[in-house]
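What follows is the content of run.txt (compact mmCIF, C-alpha atoms).
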# COMPACT_ATOMS: atom_id res chain seq x y z
CA MET A 1 18.45 11.28 5.75
CA SER A 2 19.44 9.85 9.10
CA SER A 3 16.30 7.83 9.82
CA LYS A 4 14.24 5.64 7.50
CA LYS A 5 10.51 5.53 8.17
CA VAL A 6 7.66 4.07 6.15
CA LEU A 7 4.45 6.08 6.04
CA TRP A 8 1.29 4.87 4.34
CA GLN A 9 -0.68 8.08 4.76
CA VAL A 10 1.01 10.59 2.46
CA ASP A 11 -1.95 12.97 2.75
CA GLY A 12 -1.43 13.18 6.53
CA LEU A 13 2.29 13.72 6.04
CA ARG A 14 1.66 16.53 3.57
CA SER A 15 -0.69 18.20 6.07
CA ILE A 16 2.07 18.08 8.68
CA GLN A 17 4.72 19.33 6.27
CA HIS A 18 2.76 22.16 4.65
CA GLY A 19 -0.22 22.81 6.90
CA GLY A 20 -0.81 24.50 10.21
CA VAL A 21 0.49 21.65 12.39
CA TYR A 22 3.19 22.76 14.84
CA GLY A 23 5.35 21.18 17.50
CA PRO A 24 8.47 19.02 17.65
CA ILE A 25 6.99 16.08 15.71
CA ALA A 26 5.79 18.30 12.85
CA LYS A 27 9.21 19.99 12.75
CA TRP A 28 10.91 16.60 12.56
CA TYR A 29 8.80 15.57 9.54
CA ARG A 30 9.40 18.90 7.79
CA ASN A 31 13.16 18.59 8.29
CA ASN A 32 13.70 14.87 7.70
CA VAL A 33 11.32 13.53 5.05
CA ALA A 34 12.93 14.18 1.69
CA LEU A 35 10.99 11.82 -0.56
CA THR A 36 7.64 10.04 -0.46
CA ILE A 37 6.88 6.93 -2.49
CA ARG A 38 3.38 5.51 -2.55
CA LEU A 39 1.58 2.69 -4.30
CA PHE A 40 -1.48 3.25 -6.43
CA CYS A 41 -4.04 1.73 -4.16
CA SER A 42 -7.73 1.21 -3.72
CA GLU A 43 -7.44 -0.79 -0.48
CA ALA A 44 -4.80 -2.25 1.82
CA PHE A 45 -5.43 -5.37 3.82
CA VAL A 46 -4.50 -6.35 7.33
CA TYR A 47 -2.03 -9.19 7.93
CA GLU A 48 -4.61 -11.05 10.01
CA GLY A 49 -6.74 -11.34 6.87
CA ILE A 50 -3.98 -13.21 5.08
CA VAL A 51 -3.53 -15.49 8.10
CA ASP A 52 -7.29 -16.21 8.20
CA LEU A 53 -7.31 -16.89 4.49
CA THR A 54 -4.44 -19.38 4.70
CA LYS A 55 -6.29 -21.21 7.48
CA GLN A 56 -9.42 -21.41 5.31
CA LEU A 57 -7.36 -22.78 2.43
CA GLY A 58 -5.54 -25.22 4.70
CA ILE A 59 -2.06 -23.95 3.84
CA GLY A 60 0.65 -22.41 5.96
CA ILE A 61 1.49 -18.77 5.43
CA ASP A 62 5.09 -19.78 4.66
CA ALA A 63 3.79 -21.84 1.72
CA ILE A 64 2.73 -18.68 -0.18
CA LYS A 65 5.10 -17.99 -3.08
CA TYR A 66 2.97 -15.35 -4.82
CA PHE A 67 0.18 -13.10 -3.56
CA ASN A 68 -1.49 -10.53 -5.79
CA ILE A 69 -4.63 -8.46 -5.71
CA LYS A 70 -5.73 -7.10 -9.08
CA GLY A 71 -9.50 -7.25 -9.14
CA ARG A 72 -9.22 -10.80 -7.80
CA VAL A 73 -7.12 -12.32 -5.04
CA ILE A 74 -4.52 -14.70 -6.44
CA ILE A 75 -2.35 -16.90 -4.24
CA ARG A 76 0.21 -19.39 -5.50
CA THR A 77 2.03 -22.04 -3.56
CA GLU A 78 4.72 -24.35 -4.90
CA ASP A 79 2.12 -26.66 -6.46
CA LYS A 80 -1.27 -24.92 -6.53
CA GLU A 81 -2.98 -21.64 -7.41
CA TYR A 82 -5.99 -20.20 -5.57
CA GLU A 83 -8.12 -17.41 -7.03
CA PHE A 84 -11.29 -15.82 -5.75
CA PRO A 85 -13.27 -12.57 -6.02
CA LEU A 86 -11.88 -9.50 -4.29
CA LYS A 87 -15.29 -8.86 -2.68
CA ASP A 88 -14.72 -11.99 -0.55
CA PHE A 89 -11.52 -10.46 0.86
CA ARG A 90 -12.79 -6.89 1.43
CA LYS A 91 -13.78 -7.65 5.02
CA TYR A 92 -10.04 -7.55 5.77
CA ALA A 93 -9.51 -4.04 4.36
CA ARG A 94 -7.90 -1.50 6.67
CA PRO A 95 -10.56 0.84 8.11
CA ALA A 96 -8.55 3.91 7.07
CA CYS A 97 -9.00 2.90 3.41
CA GLU A 98 -12.62 4.05 3.59
CA PHE A 99 -11.40 7.63 4.07
CA CYS A 100 -8.33 7.80 1.83
CA LYS A 101 -8.94 9.61 -1.45
CA ASP A 102 -5.38 9.37 -2.85
CA TYR A 103 -5.97 6.34 -5.10
CA SER A 104 -3.40 7.43 -7.67
CA ALA A 105 -0.71 8.50 -5.17
CA GLU A 106 -1.14 12.06 -6.35
CA LEU A 107 0.31 13.54 -3.15
CA ALA A 108 3.50 11.45 -3.22
CA ASP A 109 6.71 12.43 -5.01
CA VAL A 110 6.70 9.07 -6.78
CA GLY A 111 3.68 6.86 -7.47
CA LEU A 112 3.95 3.17 -8.39
CA GLY A 113 1.40 0.53 -9.23
CA GLY A 114 0.03 -2.15 -11.44
CA ILE A 115 -3.72 -1.79 -11.10
CA GLY A 116 -5.34 -2.40 -14.48
CA LEU A 117 -2.14 -3.72 -16.05
CA GLU A 118 -1.07 -7.22 -16.98
CA ASN A 119 0.80 -9.21 -14.36
CA ASP A 120 4.48 -8.31 -14.03
CA ARG A 121 3.80 -4.75 -15.29
CA ASN A 122 3.87 -1.52 -13.28
CA THR A 123 3.47 2.18 -13.88
CA ASN A 124 5.96 4.57 -12.30
CA CYS A 125 5.03 8.23 -12.08
CA ARG A 126 7.35 11.00 -10.87
CA ARG A 127 5.20 13.83 -9.55
CA SER A 128 7.81 16.27 -8.27
CA GLU A 129 11.41 17.29 -8.80
CA ILE A 130 13.78 15.04 -6.93
CA ARG A 131 16.70 16.87 -5.37
Represent the structure of the file as structure tokens.
Amino acid sequence: MSSKKVLWQVDGLRSIQHGGVYGPIAKWYRNNVALTIRLFCSEAFVYEGIVDLTKQLGIGIDAIKYFNIKGRVIIRTEDKEYEFPLKDFRKYARPACEFCKDYSAELADVGLGGIGLENDRNTNCRRSEIR
């Protein structure tokens, strides 16, 4: 593959690859995307939300050593841990997340994620033959 691109919306990509979308851009995607990898996901959050959160906590964004969202938002710095309910962070969710129905990365060739698992654990799921 000559060009590396990151796409969050695998369902849109699959529509372009296998649906009735035509034109040079659709042709490019059909000919150049060989593998899709997607996270198991219920929501993605905008960067500005993390910046706002660090301001509320009184820490610099560079101070974050660990950031995880698994039912709760957990942030660790060198010397402190912050934890709060996910519902308090939902206002920073990407608007497209309201419409995405591919929670388990079913449309991707490979799905990855740790939702519902202990920290430092992930599930990897191959959904198609890899050539």
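Atom CA of Leu35 of chain A is found 19.8 Å from atom CA of Asn122 of chain A.
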**Report entry** Sel. within 6 Å of pt (1.7, 4.0, -6.1), counting all atoms listed in the file, output as JSON, numbers by chain
**Finding:** {"A": [38, 39, 40, 105, 111, 112, 113]}
**Report entry** Of the listed residues A:Lys55, A:Leu107, A:Tyr66, A:Tyr47, that which approaches His18 of chain A most closely, counting only C-alpha atoms
**Finding:** A:Leu107
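You will find atom CA of Val110 of chain A at 9.7 Å from atom CA of Glu129 of chain A.
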Which residues come within 10 Å of Glu43 of chain A, counting only C-alpha atoms, excluding same-chain residues fewer than 5 positions away, as an mmCIF file with C-alpha atoms, keeping the file's coordinate frame?
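Generated output (out_5.cif):
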data_model
loop_
_atom_site.group_PDB
_atom_site.id
_atom_site.type_symbol
_atom_site.label_atom_id
_atom_site.label_comp_id
_atom_site.auth_asym_id
_atom_site.auth_seq_id
_atom_site.Cartn_x
_atom_site.Cartn_y
_atom_site.Cartn_z
ATOM 1 C CA ILE A 69 -4.630 -8.460 -5.710
ATOM 2 C CA ARG A 90 -12.790 -6.890 1.430
ATOM 3 C CA TYR A 92 -10.040 -7.550 5.770
ATOM 4 C CA ALA A 93 -9.510 -4.040 4.360
ATOM 5 C CA ARG A 94 -7.900 -1.500 6.670
ATOM 6 C CA PRO A 95 -10.560 0.840 8.110
ATOM 7 C CA ALA A 96 -8.550 3.910 7.070
ATOM 8 C CA CYS A 97 -9.000 2.900 3.410
ATOM 9 C CA GLU A 98 -12.620 4.050 3.590
ATOM 10 C CA CYS A 100 -8.330 7.800 1.830
ATOM 11 C CA TYR A 103 -5.970 6.340 -5.100
#
Once you add 5 Å to each side, what are the centre and edge lengths of the axis-aligned box holding all listed atoms of segment 94-109 of chain A? One decimal in Å, as JSON, if you can.
{"center_x": -3.0, "center_y": 6.0, "center_z": 0.2, "size_x": 29.3, "size_y": 25.0, "size_z": 25.8}
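Reported to one decimal place, the separation of atom CA of Leu53 of chain A from atom CA of Thr77 of chain A is 13.4 Å.
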Repaired coordinates for segment 43-59 of chain A (N, CA and C atoms) as a CSV table (one decimal), keeping the file's coordinate frame:
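The resulting file, result-v7.csv, is shown below:
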chain,number,residue,atom,x,y,z
A,43,GLU,N,-7.3,-0.3,-1.8
A,43,GLU,CA,-7.4,-0.8,-0.5
A,43,GLU,C,-6.1,-1.5,-0.1
A,44,ALA,N,-5.9,-1.5,1.2
A,44,ALA,CA,-4.8,-2.2,1.8
A,44,ALA,C,-5.5,-3.2,2.8
A,45,PHE,N,-4.8,-4.3,3.0
A,45,PHE,CA,-5.4,-5.4,3.8
A,45,PHE,C,-4.6,-5.7,5.0
A,46,VAL,N,-5.2,-6.0,6.1
A,46,VAL,CA,-4.5,-6.4,7.3
A,46,VAL,C,-3.9,-7.7,7.2
A,47,TYR,N,-2.8,-7.9,7.9
A,47,TYR,CA,-2.0,-9.2,7.9
A,47,TYR,C,-2.9,-10.3,8.4
A,48,GLU,N,-3.7,-10.0,9.4
A,48,GLU,CA,-4.6,-11.0,10.0
A,48,GLU,C,-5.5,-11.6,9.0
A,49,GLY,N,-5.9,-10.8,8.0
A,49,GLY,CA,-6.7,-11.3,6.9
A,49,GLY,C,-6.0,-12.4,6.1
A,50,ILE,N,-4.8,-12.2,5.8
A,50,ILE,CA,-4.0,-13.2,5.1
A,50,ILE,C,-3.9,-14.5,5.9
A,51,VAL,N,-3.6,-14.3,7.2
A,51,VAL,CA,-3.5,-15.5,8.1
A,51,VAL,C,-4.8,-16.3,8.1
A,52,ASP,N,-6.0,-15.5,8.2
A,52,ASP,CA,-7.3,-16.2,8.2
A,52,ASP,C,-7.5,-16.9,6.9
A,53,LEU,N,-7.1,-16.3,5.8
A,53,LEU,CA,-7.3,-16.9,4.5
A,53,LEU,C,-6.5,-18.2,4.3
A,54,THR,N,-5.3,-18.2,4.8
A,54,THR,CA,-4.4,-19.4,4.7
A,54,THR,C,-5.0,-20.5,5.5
A,55,LYS,N,-5.6,-20.2,6.7
A,55,LYS,CA,-6.3,-21.2,7.5
A,55,LYS,C,-7.5,-21.8,6.7
A,56,GLN,N,-8.3,-20.9,6.1
A,56,GLN,CA,-9.4,-21.4,5.3
A,56,GLN,C,-9.0,-22.3,4.2
A,57,LEU,N,-7.9,-22.0,3.6
A,57,LEU,CA,-7.4,-22.8,2.4
A,57,LEU,C,-6.6,-24.0,2.9
A,58,GLY,N,-6.3,-24.1,4.2
A,58,GLY,CA,-5.5,-25.2,4.7
A,58,GLY,C,-4.1,-25.2,4.3
A,59,ILE,N,-3.5,-24.0,4.2
A,59,ILE,CA,-2.1,-24.0,3.8
A,59,ILE,C,-1.4,-23.1,4.9
